[in-house]
Amino acid sequence: MGTQVQAELAIMKPIQILREAKSRSLIDEDGDEIEVSLLPGLGEIGLKEFEDSLPCTLPEEVRELLLLTRGFEGAVADQVDFTGSDLEFELKRVFPHGVPIAADGFGNFWVVDLTPESTTFGPIWFACHDAPVILYQSRDLSEFLVELFKACQPPHESLINDVHEDRIQNVWRTNPGVSTFEACVESSDSVLREFASALDPSFQIIDLRSAQPGDGFSWGRYGPNTVVRRHGLHPVFAYQRKVGFLQKIFRG
């Protein structure tokens, strides 16, 4: 997909991006043709029910898309469902109002992180269980769809592939961008300072307010029961190091 086409897609509405993709020849990395099959739209009643389940108002461009289709099959994602109704995902301690919109077929999901203050259908994060990390993917649905369909055309260079295939193990191995409790509680940043003051020294903090695609944190750093905290509506997270038996006794 050429640079000019990419620039044009970047300013399109989601429904325009989808129609543009369907008009093109999509090919996977094995050289096989990809057929995008649209699912039925919601209808006005279904759209209202979906919007009522959210903490915010849907952008008009997403309402327009959902009246046409609630998702599609095909592309590099195993399944795309803009309502999340067919996708079983729950990680409320990270995404209290998260809407899973796509799955990779291996138990991992792309999730829209909505809040009461959201004015776009975004940002979108990739939630992986093996390794257990959360990675920033896209700022909104349009950007997500552009990258999704770039992965369906030679040379298949896409931020979807970068995040899904390359960044997971990097974040898991290197644990980048993590700050100590001590550094945050004395920070000049009021958000970090306020968050740290509600925690204790057993927590490590990761600030993802300026995240780029592939940035993230290990939500299961200390096992599946790792305690994870989020600072209100901010994409600022903390996870607790495992506390040994003797430490528990002395704290008690």
# chains A, B, ... in the order shown; residues from 1 in each chain; ligands from 1

call {"tool": "select_by_dssp", "arguments": {"residues": "segment 29-241 of chain A", "states": "strand (DSSP E)", "output": "count of residues only"}}
result
48

call {"tool": "residues_around", "arguments": {"residues": "Arg19 of chain A", "least_positions_apart": "2", "cutoff": "12 Å", "atoms": "only C-alpha atoms", "output": "list in words"}}
result
Leu9, Met12, Lys13, Pro14, Ile15, Gln16, Ile17, Ala21, Lys22, Ser23, Arg24, Val36, Ser37, Leu38, Leu65, Leu68, Thr69, Phe72, Leu145, Val146 and Phe149 of chain A

call {"tool": "write_last_selection", "arguments": {"atoms": "C-alpha atoms", "output": "CSV table (one decimal), in the first residue's frame"}}
result
chain,number,residue,atom,x,y,z
A,9,LEU,CA,-6.9,6.3,4.5
A,12,MET,CA,-11.1,8.5,6.3
A,13,LYS,CA,-14.0,7.5,8.5
A,14,PRO,CA,-14.1,3.8,9.6
A,15,ILE,CA,-16.9,3.0,7.1
A,16,GLN,CA,-14.9,4.5,4.3
A,17,ILE,CA,-11.8,2.5,5.2
A,21,ALA,CA,-10.5,-2.4,1.7
A,22,LYS,CA,-13.3,-4.5,0.3
A,23,SER,CA,-12.7,-2.9,-3.1
A,24,ARG,CA,-9.1,-4.0,-3.2
A,36,VAL,CA,-13.8,-9.8,3.9
A,37,SER,CA,-17.3,-10.8,4.8
A,38,LEU,CA,-19.5,-8.2,6.6
A,65,LEU,CA,-20.5,2.0,10.8
A,68,LEU,CA,-24.0,-1.0,8.2
A,69,THR,CA,-22.1,-3.8,10.0
A,72,PHE,CA,-16.5,-8.7,9.7
A,145,LEU,CA,-8.5,-0.5,10.6
A,146,VAL,CA,-5.9,1.2,8.4
A,149,PHE,CA,-5.8,-3.8,6.2

call {"tool": "closest_residue", "arguments": {"among": "A:Val80, A:Ile134, A:Cys184, A:Cys152", "to": "Asn170 of chain A", "atoms": "only C-alpha atoms"}}
result
A:Ile134

call {"tool": "residues_around", "arguments": {"residues": "Pro123 of chain A", "least_positions_apart": "4", "cutoff": "7 Å", "atoms": "only C-alpha atoms", "output": "list in words"}}
result
Val112, Asp113, Ser138, Arg139 and Asp140 of chain A

call {"tool": "closest_residue", "arguments": {"among": "A:Asp86, A:Glu143, A:Asp30, A:Asp52", "to": "Leu18 of chain A", "atoms": "only C-alpha atoms"}}
result
A:Glu143

call {"tool": "atom_distance", "arguments": {"atom1": "atom CA of Ala238 of chain A", "atom2": "atom CA of Ile206 of chain A"}}
result
6.1 Å

call {"tool": "residues_around", "arguments": {"residues": "Gln169 of chain A", "least_positions_apart": "3", "cutoff": "12 Å", "atoms": "only C-alpha atoms", "output": "PyMOL selection string"}}
result
chain A and resi 128-135+162-166+172-176+214-218

call {"tool": "residues_around", "arguments": {"residues": "segment 177-182 of chain A", "least_positions_apart": "3", "cutoff": "12 Å", "atoms": "only C-alpha atoms", "output": "number ranges by chain"}}
result
A: 171-172, 174, 185-187, 192-211, 215-218, 221, 236-241

call {"tool": "write_last_selection", "arguments": {"atoms": "C-alpha atoms", "output": "compact mmCIF listing (two decimals), in the first residue's frame"}}
result
# COMPACT_ATOMS: atom_id res chain seq x y z
CA VAL A 171 8.07 -5.94 26.73
CA TRP A 172 7.91 -9.18 28.70
CA THR A 174 12.84 -6.09 29.30
CA VAL A 185 5.88 9.40 45.31
CA GLU A 186 8.50 12.16 45.03
CA SER A 187 7.79 12.99 41.39
CA LEU A 192 2.22 10.00 39.42
CA ARG A 193 2.61 11.47 42.89
CA GLU A 194 -1.10 11.15 43.66
CA PHE A 195 -1.21 7.57 42.36
CA ALA A 196 1.85 6.48 44.32
CA SER A 197 0.50 8.00 47.53
CA ALA A 198 -2.38 5.51 47.37
CA LEU A 199 -0.02 2.54 46.97
CA ASP A 200 2.91 1.15 48.96
CA PRO A 201 6.57 0.31 48.18
CA SER A 202 5.68 -3.17 46.89
CA PHE A 203 4.20 -1.60 43.72
CA GLN A 204 5.96 -0.71 40.47
CA ILE A 205 4.37 1.96 38.26
CA ILE A 206 4.18 2.37 34.48
CA ASP A 207 3.06 5.64 32.87
CA LEU A 208 1.53 5.08 29.41
CA ARG A 209 -0.02 8.50 28.86
CA SER A 210 2.33 9.10 25.93
CA ALA A 211 2.42 5.51 24.70
CA ASP A 215 4.62 0.31 24.40
CA GLY A 216 3.07 -1.49 27.33
CA PHE A 217 3.46 -3.37 30.58
CA SER A 218 3.39 -6.88 32.00
CA ARG A 221 4.59 -9.97 35.74
CA VAL A 236 -1.15 4.86 34.39
CA PHE A 237 -0.84 1.42 35.94
CA ALA A 238 0.87 -0.33 38.81
CA TYR A 239 1.51 -3.95 39.64
CA GLN A 240 2.60 -5.42 42.91
CA ARG A 241 5.73 -7.45 43.39
